[in-house]
file coords02.cif (mmCIF, N, CA and C atoms and all ligand atoms)
data_upload
#
loop_
_atom_site.label_atom_id
_atom_site.label_comp_id
_atom_site.auth_asym_id
_atom_site.auth_seq_id
_atom_site.Cartn_x
_atom_site.Cartn_y
_atom_site.Cartn_z
N MET X 18 78.68 -62.99 49.02
CA MET X 18 78.21 -61.61 49.14
C MET X 18 76.88 -61.55 49.88
N LYS X 19 76.86 -60.88 50.99
CA LYS X 19 75.62 -60.73 51.76
C LYS X 19 74.86 -59.52 51.25
N LEU X 20 73.60 -59.69 51.03
CA LEU X 20 72.81 -58.59 50.48
C LEU X 20 71.75 -58.14 51.46
N LYS X 21 72.06 -57.06 52.18
CA LYS X 21 71.09 -56.56 53.13
C LYS X 21 70.06 -55.71 52.43
N HIS X 22 70.51 -55.03 51.38
CA HIS X 22 69.60 -54.17 50.64
C HIS X 22 69.68 -54.52 49.16
N PRO X 23 69.00 -55.57 48.78
CA PRO X 23 69.15 -56.03 47.40
C PRO X 23 68.81 -54.97 46.35
N ILE X 24 67.78 -54.15 46.63
CA ILE X 24 67.40 -53.13 45.64
C ILE X 24 68.52 -52.12 45.46
N LEU X 25 69.03 -51.67 46.58
CA LEU X 25 70.12 -50.71 46.56
C LEU X 25 71.31 -51.29 45.81
N ASN X 26 71.57 -52.53 46.10
CA ASN X 26 72.67 -53.22 45.49
C ASN X 26 72.50 -53.35 43.97
N SER X 27 71.30 -53.68 43.55
CA SER X 27 71.02 -53.80 42.12
C SER X 27 71.25 -52.48 41.42
N LYS X 28 70.84 -51.38 42.06
CA LYS X 28 71.05 -50.06 41.48
C LYS X 28 72.53 -49.78 41.28
N LEU X 29 73.29 -50.11 42.30
CA LEU X 29 74.73 -49.91 42.26
C LEU X 29 75.37 -50.70 41.14
N ILE X 30 74.97 -51.94 41.03
CA ILE X 30 75.55 -52.82 40.03
C ILE X 30 75.22 -52.35 38.62
N LEU X 31 74.00 -51.87 38.43
CA LEU X 31 73.62 -51.34 37.12
C LEU X 31 74.49 -50.13 36.76
N SER X 32 74.65 -49.22 37.70
CA SER X 32 75.47 -48.04 37.43
C SER X 32 76.90 -48.43 37.13
N LYS X 33 77.40 -49.34 37.94
CA LYS X 33 78.79 -49.76 37.80
C LYS X 33 79.04 -50.35 36.41
N ASN X 34 78.01 -50.97 35.85
CA ASN X 34 78.16 -51.63 34.56
C ASN X 34 77.63 -50.81 33.39
N ASP X 35 77.36 -49.53 33.65
CA ASP X 35 76.86 -48.66 32.60
C ASP X 35 75.58 -49.15 31.94
N ILE X 36 74.73 -49.75 32.72
CA ILE X 36 73.43 -50.16 32.19
C ILE X 36 72.43 -49.12 32.69
N SER X 37 71.66 -48.55 31.78
CA SER X 37 70.76 -47.49 32.22
C SER X 37 69.77 -48.04 33.23
N ARG X 38 69.59 -47.23 34.27
CA ARG X 38 68.93 -47.72 35.47
C ARG X 38 67.44 -47.45 35.46
N THR X 39 66.70 -48.26 34.75
CA THR X 39 65.25 -48.08 34.78
C THR X 39 64.70 -48.84 35.97
N LYS X 40 63.46 -48.55 36.29
CA LYS X 40 62.84 -49.26 37.41
C LYS X 40 62.78 -50.75 37.10
N PHE X 41 62.41 -51.06 35.85
CA PHE X 41 62.30 -52.47 35.49
C PHE X 41 63.63 -53.20 35.62
N ARG X 42 64.69 -52.62 35.10
CA ARG X 42 65.99 -53.31 35.17
C ARG X 42 66.45 -53.51 36.61
N THR X 43 66.20 -52.50 37.44
CA THR X 43 66.56 -52.64 38.85
C THR X 43 65.77 -53.79 39.47
N ASP X 44 64.48 -53.81 39.20
CA ASP X 44 63.63 -54.87 39.76
C ASP X 44 64.02 -56.24 39.21
N LEU X 45 64.39 -56.26 37.94
CA LEU X 45 64.76 -57.52 37.31
C LEU X 45 66.04 -58.10 37.92
N LEU X 46 67.03 -57.25 38.07
CA LEU X 46 68.28 -57.73 38.66
C LEU X 46 68.04 -58.16 40.11
N ASN X 47 67.20 -57.39 40.76
CA ASN X 47 66.83 -57.72 42.12
C ASN X 47 66.17 -59.10 42.22
N LEU X 48 65.37 -59.41 41.22
CA LEU X 48 64.72 -60.72 41.17
C LEU X 48 65.77 -61.84 41.17
N PHE X 49 66.83 -61.65 40.40
CA PHE X 49 67.89 -62.65 40.36
C PHE X 49 68.57 -62.79 41.72
N TYR X 50 68.82 -61.65 42.36
CA TYR X 50 69.52 -61.70 43.65
C TYR X 50 68.67 -62.30 44.76
N THR X 51 67.37 -62.09 44.69
CA THR X 51 66.54 -62.55 45.79
C THR X 51 65.97 -63.95 45.57
N SER X 52 65.77 -64.35 44.32
CA SER X 52 65.10 -65.63 44.10
C SER X 52 66.03 -66.83 44.33
N LYS X 53 67.32 -66.65 44.15
CA LYS X 53 68.29 -67.72 44.31
C LYS X 53 68.03 -68.89 43.36
N LYS X 54 67.19 -68.67 42.37
CA LYS X 54 66.89 -69.72 41.40
C LYS X 54 67.20 -69.17 40.03
N SER X 55 67.23 -70.06 39.07
CA SER X 55 67.34 -69.58 37.70
C SER X 55 66.00 -68.98 37.30
N VAL X 56 66.03 -68.07 36.35
CA VAL X 56 64.84 -67.32 35.99
C VAL X 56 64.62 -67.40 34.49
N SER X 57 63.42 -67.81 34.09
CA SER X 57 63.10 -67.85 32.66
C SER X 57 62.33 -66.59 32.27
N ILE X 58 62.24 -66.36 30.99
CA ILE X 58 61.49 -65.18 30.53
C ILE X 58 60.04 -65.25 31.00
N GLU X 59 59.48 -66.45 30.98
CA GLU X 59 58.11 -66.62 31.48
C GLU X 59 58.01 -66.24 32.96
N ASP X 60 59.01 -66.65 33.72
CA ASP X 60 59.04 -66.29 35.15
C ASP X 60 59.02 -64.77 35.31
N VAL X 61 59.81 -64.10 34.48
CA VAL X 61 59.90 -62.64 34.57
C VAL X 61 58.54 -62.01 34.28
N LEU X 62 57.91 -62.48 33.19
CA LEU X 62 56.62 -61.91 32.81
C LEU X 62 55.56 -62.15 33.88
N LYS X 63 55.64 -63.29 34.53
CA LYS X 63 54.67 -63.61 35.58
C LYS X 63 54.94 -62.84 36.87
N HIS X 64 56.22 -62.57 37.09
CA HIS X 64 56.61 -62.00 38.38
C HIS X 64 56.15 -60.57 38.61
N PHE X 65 56.19 -59.74 37.56
CA PHE X 65 55.93 -58.33 37.75
C PHE X 65 54.46 -57.99 37.62
N ASP X 66 53.99 -57.16 38.54
CA ASP X 66 52.57 -56.82 38.47
C ASP X 66 52.31 -55.67 37.51
N TYR X 67 53.34 -54.90 37.19
CA TYR X 67 53.14 -53.88 36.16
C TYR X 67 53.45 -54.51 34.81
N SER X 68 52.83 -53.97 33.77
CA SER X 68 52.99 -54.64 32.49
C SER X 68 54.30 -54.26 31.80
N ILE X 69 54.96 -55.25 31.25
CA ILE X 69 56.22 -55.04 30.55
C ILE X 69 56.13 -55.86 29.28
N ASN X 70 56.70 -55.37 28.20
CA ASN X 70 56.63 -56.21 27.02
C ASN X 70 57.84 -57.12 26.90
N LYS X 71 57.62 -58.17 26.13
CA LYS X 71 58.62 -59.23 26.01
C LYS X 71 59.95 -58.70 25.48
N VAL X 72 59.88 -57.75 24.54
CA VAL X 72 61.11 -57.22 23.94
C VAL X 72 61.98 -56.55 25.00
N THR X 73 61.33 -55.80 25.89
CA THR X 73 62.07 -55.16 26.98
C THR X 73 62.75 -56.20 27.85
N VAL X 74 62.03 -57.28 28.11
CA VAL X 74 62.60 -58.35 28.94
C VAL X 74 63.82 -58.95 28.23
N TYR X 75 63.66 -59.29 26.96
CA TYR X 75 64.77 -59.86 26.18
C TYR X 75 65.99 -58.96 26.20
N ARG X 76 65.74 -57.68 25.91
CA ARG X 76 66.86 -56.72 25.81
C ARG X 76 67.57 -56.55 27.14
N SER X 77 66.80 -56.48 28.20
CA SER X 77 67.41 -56.29 29.52
C SER X 77 68.24 -57.51 29.89
N LEU X 78 67.69 -58.70 29.63
CA LEU X 78 68.43 -59.92 29.96
C LEU X 78 69.71 -60.00 29.13
N GLU X 79 69.58 -59.60 27.86
CA GLU X 79 70.75 -59.61 27.00
C GLU X 79 71.84 -58.67 27.50
N SER X 80 71.43 -57.48 27.94
CA SER X 80 72.46 -56.55 28.41
C SER X 80 73.08 -57.05 29.71
N PHE X 81 72.31 -57.68 30.55
CA PHE X 81 72.88 -58.27 31.77
C PHE X 81 73.87 -59.37 31.40
N GLU X 82 73.50 -60.13 30.39
CA GLU X 82 74.39 -61.22 29.96
C GLU X 82 75.69 -60.68 29.39
N ASN X 83 75.56 -59.64 28.55
CA ASN X 83 76.76 -59.03 27.96
C ASN X 83 77.69 -58.44 29.00
N LYS X 84 77.13 -58.03 30.13
CA LYS X 84 77.96 -57.42 31.17
C LYS X 84 78.48 -58.46 32.17
N GLY X 85 78.22 -59.72 31.91
CA GLY X 85 78.75 -60.74 32.81
C GLY X 85 78.02 -60.85 34.14
N LEU X 86 76.77 -60.40 34.15
CA LEU X 86 75.99 -60.49 35.39
C LEU X 86 75.21 -61.79 35.48
N ILE X 87 74.69 -62.23 34.35
CA ILE X 87 73.92 -63.47 34.32
C ILE X 87 74.38 -64.32 33.14
N HIS X 88 74.09 -65.62 33.19
CA HIS X 88 74.44 -66.49 32.07
C HIS X 88 73.27 -67.40 31.72
N LYS X 89 73.23 -67.80 30.47
CA LYS X 89 72.18 -68.71 30.00
C LYS X 89 72.40 -70.08 30.59
N VAL X 90 71.33 -70.69 31.04
CA VAL X 90 71.42 -72.06 31.54
C VAL X 90 70.43 -72.92 30.73
N PRO X 91 70.70 -74.22 30.65
CA PRO X 91 69.78 -75.07 29.88
C PRO X 91 68.41 -75.12 30.55
N ASP X 92 67.38 -75.33 29.76
CA ASP X 92 66.02 -75.36 30.28
C ASP X 92 65.31 -76.58 29.70
N SER X 93 64.50 -77.22 30.52
CA SER X 93 63.84 -78.46 30.08
C SER X 93 62.88 -78.22 28.92
N ASN X 94 62.34 -77.01 28.80
CA ASN X 94 61.41 -76.73 27.70
C ASN X 94 62.03 -75.85 26.63
N ASN X 95 63.34 -75.78 26.64
CA ASN X 95 64.04 -74.93 25.68
C ASN X 95 63.64 -73.47 25.73
N LEU X 96 63.22 -73.02 26.90
CA LEU X 96 62.95 -71.60 27.09
C LEU X 96 64.27 -70.92 27.39
N LYS X 97 64.29 -69.60 27.21
CA LYS X 97 65.49 -68.87 27.63
C LYS X 97 65.47 -68.75 29.14
N ARG X 98 66.52 -69.21 29.75
CA ARG X 98 66.59 -69.23 31.21
C ARG X 98 67.98 -68.77 31.63
N TYR X 99 68.05 -68.02 32.72
CA TYR X 99 69.32 -67.43 33.15
C TYR X 99 69.56 -67.62 34.64
N SER X 100 70.83 -67.64 34.99
CA SER X 100 71.22 -67.64 36.40
C SER X 100 72.26 -66.56 36.64
N LEU X 101 72.38 -66.15 37.87
CA LEU X 101 73.39 -65.16 38.25
C LEU X 101 74.79 -65.71 38.01
N CYS X 102 75.68 -64.85 37.61
CA CYS X 102 77.09 -65.21 37.53
C CYS X 102 77.73 -64.92 38.87
N ARG X 103 78.88 -65.51 39.07
CA ARG X 103 79.60 -65.19 40.30
C ARG X 103 80.67 -64.16 39.97
N GLU X 104 80.76 -63.18 40.86
CA GLU X 104 81.68 -62.06 40.63
C GLU X 104 83.10 -62.51 40.35
N GLU X 105 83.52 -63.58 41.02
CA GLU X 105 84.90 -64.01 40.86
C GLU X 105 85.15 -64.70 39.52
N GLU X 106 84.07 -65.05 38.81
CA GLU X 106 84.25 -65.75 37.54
C GLU X 106 84.04 -64.85 36.33
N CYS X 107 83.09 -63.96 36.42
CA CYS X 107 82.68 -63.22 35.22
C CYS X 107 82.90 -61.73 35.38
N SER X 108 83.17 -61.09 34.28
CA SER X 108 83.40 -59.65 34.26
C SER X 108 82.66 -59.09 33.05
N PRO X 109 82.60 -57.75 32.93
CA PRO X 109 81.88 -57.17 31.80
C PRO X 109 82.35 -57.65 30.43
N SER X 110 83.54 -58.19 30.33
CA SER X 110 83.96 -58.62 29.00
C SER X 110 83.94 -60.13 28.79
N THR X 111 84.02 -60.89 29.87
CA THR X 111 84.06 -62.34 29.67
C THR X 111 83.25 -63.11 30.70
N HIS X 112 82.70 -64.21 30.21
CA HIS X 112 82.12 -65.20 31.10
C HIS X 112 83.15 -66.30 31.24
N ASN X 113 83.30 -66.78 32.42
CA ASN X 113 84.32 -67.77 32.64
C ASN X 113 83.78 -68.89 33.54
N HIS X 114 82.93 -69.71 32.95
CA HIS X 114 82.30 -70.76 33.73
C HIS X 114 82.93 -72.10 33.45
N ASN X 115 83.00 -72.92 34.46
CA ASN X 115 83.35 -74.31 34.18
C ASN X 115 82.51 -75.23 35.07
N HIS X 116 81.25 -74.84 35.28
CA HIS X 116 80.38 -75.68 36.11
C HIS X 116 79.26 -76.29 35.28
N GLY X 117 78.76 -77.41 35.75
CA GLY X 117 77.65 -78.08 35.10
C GLY X 117 76.32 -77.53 35.58
N HIS X 118 75.24 -77.93 34.90
CA HIS X 118 73.90 -77.52 35.30
C HIS X 118 73.02 -78.73 35.51
N PHE X 119 72.12 -78.61 36.45
CA PHE X 119 71.22 -79.71 36.77
C PHE X 119 69.78 -79.28 36.48
N ILE X 120 69.08 -80.11 35.71
CA ILE X 120 67.67 -79.81 35.44
C ILE X 120 66.80 -80.82 36.18
N CYS X 121 65.82 -80.30 36.93
CA CYS X 121 64.93 -81.19 37.68
C CYS X 121 63.72 -81.57 36.82
N TYR X 122 63.42 -82.87 36.76
CA TYR X 122 62.29 -83.36 35.97
C TYR X 122 60.96 -82.86 36.50
N ASP X 123 60.92 -82.63 37.80
CA ASP X 123 59.64 -82.33 38.43
C ASP X 123 59.32 -80.83 38.41
N CYS X 124 60.20 -80.02 38.97
CA CYS X 124 59.92 -78.58 39.04
C CYS X 124 60.47 -77.82 37.84
N ASN X 125 61.21 -78.52 36.97
CA ASN X 125 61.79 -77.91 35.77
C ASN X 125 62.77 -76.78 36.07
N GLN X 126 63.21 -76.71 37.28
CA GLN X 126 64.16 -75.67 37.67
C GLN X 126 65.57 -76.10 37.23
N THR X 127 66.38 -75.11 36.85
CA THR X 127 67.78 -75.40 36.51
C THR X 127 68.69 -74.87 37.61
N PHE X 128 69.60 -75.68 38.04
CA PHE X 128 70.51 -75.29 39.12
C PHE X 128 71.94 -75.23 38.61
N CYS X 129 72.70 -74.22 39.05
CA CYS X 129 74.13 -74.19 38.78
C CYS X 129 74.81 -75.14 39.75
N MET X 130 75.63 -76.02 39.23
CA MET X 130 76.32 -76.99 40.08
C MET X 130 77.79 -76.63 40.15
N GLN X 131 78.12 -75.73 41.08
CA GLN X 131 79.51 -75.27 41.17
C GLN X 131 80.46 -76.43 41.48
N GLU X 132 79.93 -77.47 42.13
CA GLU X 132 80.81 -78.58 42.50
C GLU X 132 81.06 -79.54 41.35
N ILE X 133 80.28 -79.41 40.25
CA ILE X 133 80.52 -80.27 39.09
C ILE X 133 81.33 -79.49 38.06
N LYS X 134 82.58 -79.82 37.95
CA LYS X 134 83.46 -79.07 37.06
C LYS X 134 83.61 -79.79 35.72
N PHE X 135 83.86 -79.01 34.71
CA PHE X 135 84.09 -79.60 33.39
C PHE X 135 85.35 -80.45 33.39
N PRO X 136 85.31 -81.57 32.69
CA PRO X 136 86.55 -82.33 32.52
C PRO X 136 87.48 -81.55 31.58
N ASP X 137 88.75 -81.79 31.70
CA ASP X 137 89.71 -81.08 30.88
C ASP X 137 89.84 -81.79 29.52
N ILE X 138 89.17 -81.23 28.53
CA ILE X 138 89.23 -81.87 27.21
C ILE X 138 89.68 -80.88 26.15
N LYS X 139 90.53 -79.97 26.56
CA LYS X 139 90.97 -78.93 25.63
C LYS X 139 91.63 -79.49 24.38
N SER X 140 92.30 -80.62 24.55
CA SER X 140 93.05 -81.12 23.41
C SER X 140 92.43 -82.37 22.81
N VAL X 141 91.50 -82.16 21.92
CA VAL X 141 90.98 -83.27 21.13
C VAL X 141 91.46 -83.02 19.72
N LYS X 142 92.25 -83.90 19.25
CA LYS X 142 92.91 -83.71 17.95
C LYS X 142 91.90 -83.49 16.82
N GLY X 143 92.12 -82.45 16.05
CA GLY X 143 91.29 -82.22 14.88
C GLY X 143 90.00 -81.45 15.15
N PHE X 144 89.78 -81.07 16.43
CA PHE X 144 88.57 -80.32 16.73
C PHE X 144 88.91 -79.07 17.53
N TYR X 145 88.31 -77.99 17.16
CA TYR X 145 88.50 -76.77 17.91
C TYR X 145 87.25 -76.54 18.76
N ILE X 146 87.37 -76.78 20.04
CA ILE X 146 86.21 -76.70 20.93
C ILE X 146 85.99 -75.27 21.38
N GLN X 147 84.79 -74.79 21.16
CA GLN X 147 84.48 -73.42 21.58
C GLN X 147 83.62 -73.39 22.82
N GLU X 148 82.83 -74.41 22.99
CA GLU X 148 81.92 -74.42 24.11
C GLU X 148 81.71 -75.83 24.59
N LEU X 149 81.60 -75.97 25.89
CA LEU X 149 81.34 -77.27 26.48
C LEU X 149 80.14 -77.13 27.39
N LYS X 150 79.17 -78.02 27.24
CA LYS X 150 78.00 -77.97 28.10
C LYS X 150 77.89 -79.27 28.87
N LEU X 151 77.62 -79.13 30.12
CA LEU X 151 77.51 -80.31 30.96
C LEU X 151 76.19 -80.21 31.70
N THR X 152 75.24 -81.04 31.30
CA THR X 152 73.90 -80.97 31.88
C THR X 152 73.55 -82.29 32.55
N LEU X 153 73.13 -82.19 33.77
CA LEU X 153 72.70 -83.37 34.51
C LEU X 153 71.19 -83.28 34.70
N GLU X 154 70.51 -84.40 34.74
CA GLU X 154 69.07 -84.38 34.91
C GLU X 154 68.64 -85.35 35.99
N GLY X 155 67.55 -85.04 36.65
CA GLY X 155 67.05 -85.92 37.70
C GLY X 155 66.06 -85.18 38.57
N TYR X 156 66.12 -85.43 39.86
CA TYR X 156 65.23 -84.76 40.79
C TYR X 156 66.02 -83.95 41.80
N CYS X 157 65.61 -82.70 42.02
CA CYS X 157 66.29 -81.88 43.01
C CYS X 157 65.87 -82.35 44.40
N GLN X 158 66.54 -81.85 45.39
CA GLN X 158 66.30 -82.31 46.77
C GLN X 158 64.84 -82.11 47.20
N ASP X 159 64.30 -80.94 46.87
CA ASP X 159 62.91 -80.65 47.26
C ASP X 159 61.94 -81.63 46.61
N CYS X 160 62.14 -81.90 45.34
CA CYS X 160 61.20 -82.76 44.62
C CYS X 160 61.40 -84.22 44.99
N TYR X 161 62.59 -84.59 45.30
CA TYR X 161 62.89 -85.99 45.63
C TYR X 161 62.30 -86.37 46.97
N THR X 162 62.29 -85.43 47.91
CA THR X 162 61.81 -85.75 49.24
C THR X 162 60.31 -85.54 49.41
N ASN X 163 59.69 -84.80 48.47
CA ASN X 163 58.25 -84.55 48.60
C ASN X 163 57.41 -85.67 47.96
ZN ZN X 201 79.00 -65.61 33.64
ZN ZN X 202 62.78 -80.03 41.60
ZN ZN X 203 75.39 -71.76 35.86
#

call {"tool": "encode", "arguments": {"input": "coords02.cif", "output": "structure tokens"}}
result
Amino acid sequence: MKLKHPILNSKLILSKNDISRTKFRTDLLNLFYTSKKSVSIEDVLKHFDYSINKVTVYRSLESFENKGLIHKVPDSNNLKRYSLCREEECSPSTHNHNHGHFICYDCNQTFCMQEIKFPDIKSVKGFYIQELKLTLEGYCQDCYTN
């Protein structure tokens, strides 16, 4: 998806998903579309020059998550961190991911690794698996070459 007008696009997506369109939510969604990185709550608080309280940030992220727009990704410091979902995988009612995540030791950034797919382990006798997490750790390209 090419985004020529990310702000406009964020507004549209909020309306489409019945999320009330405040300036903050539009800007927040826009941050996800433009940063191309995963975003932690700390990142959000640092990013905006107008003051917003933490509860608003939590609630907005939660509603985005419930609508299948963003998903939680692992974080090196156990902070809440999110990445954009892909339209073809997630919808307002379900998240449907089968990709791993990579955490960089140096920049602490978390990356979605679409090319790393979950192994098929649906049938392990005696266990009902509800969630599978696949986390890789090391150095991202930027940190490895610098
Ligand atoms: Zn998702
Ligand atoms: Zn890095
Ligand atoms: Zn991901």

call {"tool": "closest_residue", "arguments": {"input": "coords02.cif", "among": "X:Leu86, X:Leu29, X:Cys160, X:Leu151", "to": "ligand ZN 201 (chain X)", "atoms": "only C-alpha atoms and all ligand atoms"}}
result
X:Leu86

call {"tool": "select_by_dssp", "arguments": {"input": "coords02.cif", "residues": "chain X", "states": "helix (DSSP H, G or I)", "output": "compact mmCIF listing (two decimals) with N, CA and C atoms, keeping the file's coordinate frame"}}
result
# COMPACT_ATOMS: atom_id res chain seq x y z
N PRO X 23 69.00 -55.57 48.78
CA PRO X 23 69.15 -56.03 47.40
C PRO X 23 68.81 -54.97 46.35
N ILE X 24 67.78 -54.15 46.63
CA ILE X 24 67.40 -53.13 45.64
C ILE X 24 68.52 -52.12 45.46
N LEU X 25 69.03 -51.67 46.58
CA LEU X 25 70.12 -50.71 46.56
C LEU X 25 71.31 -51.29 45.81
N ASN X 26 71.57 -52.53 46.10
CA ASN X 26 72.67 -53.22 45.49
C ASN X 26 72.50 -53.35 43.97
N SER X 27 71.30 -53.68 43.55
CA SER X 27 71.02 -53.80 42.12
C SER X 27 71.25 -52.48 41.42
N LYS X 28 70.84 -51.38 42.06
CA LYS X 28 71.05 -50.06 41.48
C LYS X 28 72.53 -49.78 41.28
N LEU X 29 73.29 -50.11 42.30
CA LEU X 29 74.73 -49.91 42.26
C LEU X 29 75.37 -50.70 41.14
N ILE X 30 74.97 -51.94 41.03
CA ILE X 30 75.55 -52.82 40.03
C ILE X 30 75.22 -52.35 38.62
N LEU X 31 74.00 -51.87 38.43
CA LEU X 31 73.62 -51.34 37.12
C LEU X 31 74.49 -50.13 36.76
N SER X 32 74.65 -49.22 37.70
CA SER X 32 75.47 -48.04 37.43
C SER X 32 76.90 -48.43 37.13
N LYS X 33 77.40 -49.34 37.94
CA LYS X 33 78.79 -49.76 37.80
C LYS X 33 79.04 -50.35 36.41
N LYS X 40 63.46 -48.55 36.29
CA LYS X 40 62.84 -49.26 37.41
C LYS X 40 62.78 -50.75 37.10
N PHE X 41 62.41 -51.06 35.85
CA PHE X 41 62.30 -52.47 35.49
C PHE X 41 63.63 -53.20 35.62
N ARG X 42 64.69 -52.62 35.10
CA ARG X 42 65.99 -53.31 35.17
C ARG X 42 66.45 -53.51 36.61
N THR X 43 66.20 -52.50 37.44
CA THR X 43 66.56 -52.64 38.85
C THR X 43 65.77 -53.79 39.47
N ASP X 44 64.48 -53.81 39.20
CA ASP X 44 63.63 -54.87 39.76
C ASP X 44 64.02 -56.24 39.21
N LEU X 45 64.39 -56.26 37.94
CA LEU X 45 64.76 -57.52 37.31
C LEU X 45 66.04 -58.10 37.92
N LEU X 46 67.03 -57.25 38.07
CA LEU X 46 68.28 -57.73 38.66
C LEU X 46 68.04 -58.16 40.11
N ASN X 47 67.20 -57.39 40.76
CA ASN X 47 66.83 -57.72 42.12
C ASN X 47 66.17 -59.10 42.22
N LEU X 48 65.37 -59.41 41.22
CA LEU X 48 64.72 -60.72 41.17
C LEU X 48 65.77 -61.84 41.17
N PHE X 49 66.83 -61.65 40.40
CA PHE X 49 67.89 -62.65 40.36
C PHE X 49 68.57 -62.79 41.72
N TYR X 50 68.82 -61.65 42.36
CA TYR X 50 69.52 -61.70 43.65
C TYR X 50 68.67 -62.30 44.76
N THR X 51 67.37 -62.09 44.69
CA THR X 51 66.54 -62.55 45.79
C THR X 51 65.97 -63.95 45.57
N SER X 52 65.77 -64.35 44.32
CA SER X 52 65.10 -65.63 44.10
C SER X 52 66.03 -66.83 44.33
N ILE X 58 62.24 -66.36 30.99
CA ILE X 58 61.49 -65.18 30.53
C ILE X 58 60.04 -65.25 31.00
N GLU X 59 59.48 -66.45 30.98
CA GLU X 59 58.11 -66.62 31.48
C GLU X 59 58.01 -66.24 32.96
N ASP X 60 59.01 -66.65 33.72
CA ASP X 60 59.04 -66.29 35.15
C ASP X 60 59.02 -64.77 35.31
N VAL X 61 59.81 -64.10 34.48
CA VAL X 61 59.90 -62.64 34.57
C VAL X 61 58.54 -62.01 34.28
N LEU X 62 57.91 -62.48 33.19
CA LEU X 62 56.62 -61.91 32.81
C LEU X 62 55.56 -62.15 33.88
N LYS X 63 55.64 -63.29 34.53
CA LYS X 63 54.67 -63.61 35.58
C LYS X 63 54.94 -62.84 36.87
N HIS X 64 56.22 -62.57 37.09
CA HIS X 64 56.61 -62.00 38.38
C HIS X 64 56.15 -60.57 38.61
N LYS X 71 57.62 -58.17 26.13
CA LYS X 71 58.62 -59.23 26.01
C LYS X 71 59.95 -58.70 25.48
N VAL X 72 59.88 -57.75 24.54
CA VAL X 72 61.11 -57.22 23.94
C VAL X 72 61.98 -56.55 25.00
N THR X 73 61.33 -55.80 25.89
CA THR X 73 62.07 -55.16 26.98
C THR X 73 62.75 -56.20 27.85
N VAL X 74 62.03 -57.28 28.11
CA VAL X 74 62.60 -58.35 28.94
C VAL X 74 63.82 -58.95 28.23
N TYR X 75 63.66 -59.29 26.96
CA TYR X 75 64.77 -59.86 26.18
C TYR X 75 65.99 -58.96 26.20
N ARG X 76 65.74 -57.68 25.91
CA ARG X 76 66.86 -56.72 25.81
C ARG X 76 67.57 -56.55 27.14
N SER X 77 66.80 -56.48 28.20
CA SER X 77 67.41 -56.29 29.52
C SER X 77 68.24 -57.51 29.89
N LEU X 78 67.69 -58.70 29.63
CA LEU X 78 68.43 -59.92 29.96
C LEU X 78 69.71 -60.00 29.13
N GLU X 79 69.58 -59.60 27.86
CA GLU X 79 70.75 -59.61 27.00
C GLU X 79 71.84 -58.67 27.50
N SER X 80 71.43 -57.48 27.94
CA SER X 80 72.46 -56.55 28.41
C SER X 80 73.08 -57.05 29.71
N PHE X 81 72.31 -57.68 30.55
CA PHE X 81 72.88 -58.27 31.77
C PHE X 81 73.87 -59.37 31.40
N GLU X 82 73.50 -60.13 30.39
CA GLU X 82 74.39 -61.22 29.96
C GLU X 82 75.69 -60.68 29.39
N ASN X 83 75.56 -59.64 28.55
CA ASN X 83 76.76 -59.03 27.96
C ASN X 83 77.69 -58.44 29.00
N GLN X 158 66.54 -81.85 45.39
CA GLN X 158 66.30 -82.31 46.77
C GLN X 158 64.84 -82.11 47.20
N ASP X 159 64.30 -80.94 46.87
CA ASP X 159 62.91 -80.65 47.26
C ASP X 159 61.94 -81.63 46.61
N CYS X 160 62.14 -81.90 45.34
CA CYS X 160 61.20 -82.76 44.62
C CYS X 160 61.40 -84.22 44.99
N TYR X 161 62.59 -84.59 45.30
CA TYR X 161 62.89 -85.99 45.63
C TYR X 161 62.30 -86.37 46.97
N THR X 162 62.29 -85.43 47.91
CA THR X 162 61.81 -85.75 49.24
C THR X 162 60.31 -85.54 49.41

call {"tool": "closest_residue", "arguments": {"input": "coords02.cif", "among": "X:Arg98, X:Lys28, X:Lys150, X:Lys84", "to": "Phe135 (chain X)", "atoms": "only N, CA and C atoms"}}
result
X:Lys150

call {"tool": "residues_near_ligand", "arguments": {"input": "coords02.cif", "ligand": "ligand ZN 203 (chain X)", "cutoff": "7 Å", "atoms": "only C-alpha atoms and all ligand atoms", "output": "list of chain:residue names"}}
result
X:His88, X:Val90, X:Ser100, X:Cys102, X:His116, X:Gly117, X:His118, X:Phe128, X:Cys129, X:Met130

call {"tool": "write_last_selection", "arguments": {"input": "coords02.cif", "atoms": "N, CA and C atoms", "output": "compact mmCIF listing (two decimals), in the frame of the given file"}}
result
# COMPACT_ATOMS: atom_id res chain seq x y z
N HIS X 88 74.09 -65.62 33.19
CA HIS X 88 74.44 -66.49 32.07
C HIS X 88 73.27 -67.40 31.72
N VAL X 90 71.33 -70.69 31.04
CA VAL X 90 71.42 -72.06 31.54
C VAL X 90 70.43 -72.92 30.73
N SER X 100 70.83 -67.64 34.99
CA SER X 100 71.22 -67.64 36.40
C SER X 100 72.26 -66.56 36.64
N CYS X 102 75.68 -64.85 37.61
CA CYS X 102 77.09 -65.21 37.53
C CYS X 102 77.73 -64.92 38.87
N HIS X 116 81.25 -74.84 35.28
CA HIS X 116 80.38 -75.68 36.11
C HIS X 116 79.26 -76.29 35.28
N GLY X 117 78.76 -77.41 35.75
CA GLY X 117 77.65 -78.08 35.10
C GLY X 117 76.32 -77.53 35.58
N HIS X 118 75.24 -77.93 34.90
CA HIS X 118 73.90 -77.52 35.30
C HIS X 118 73.02 -78.73 35.51
N PHE X 128 69.60 -75.68 38.04
CA PHE X 128 70.51 -75.29 39.12
C PHE X 128 71.94 -75.23 38.61
N CYS X 129 72.70 -74.22 39.05
CA CYS X 129 74.13 -74.19 38.78
C CYS X 129 74.81 -75.14 39.75
N MET X 130 75.63 -76.02 39.23
CA MET X 130 76.32 -76.99 40.08
C MET X 130 77.79 -76.63 40.15

call {"tool": "atom_distance", "arguments": {"input": "coords02.cif", "atom1": "atom ZN of ligand ZN 202 (chain X)", "atom2": "CA of Thr152 (chain X)"}}
result
14.8 Å

call {"tool": "residues_near_ligand", "arguments": {"input": "coords02.cif", "ligand": "ligand ZN 202 (chain X)", "cutoff": "6.5 Å", "atoms": "all atoms listed in the file", "output": "ChimeraX atom specification"}}
result
/X:121-126,156-161
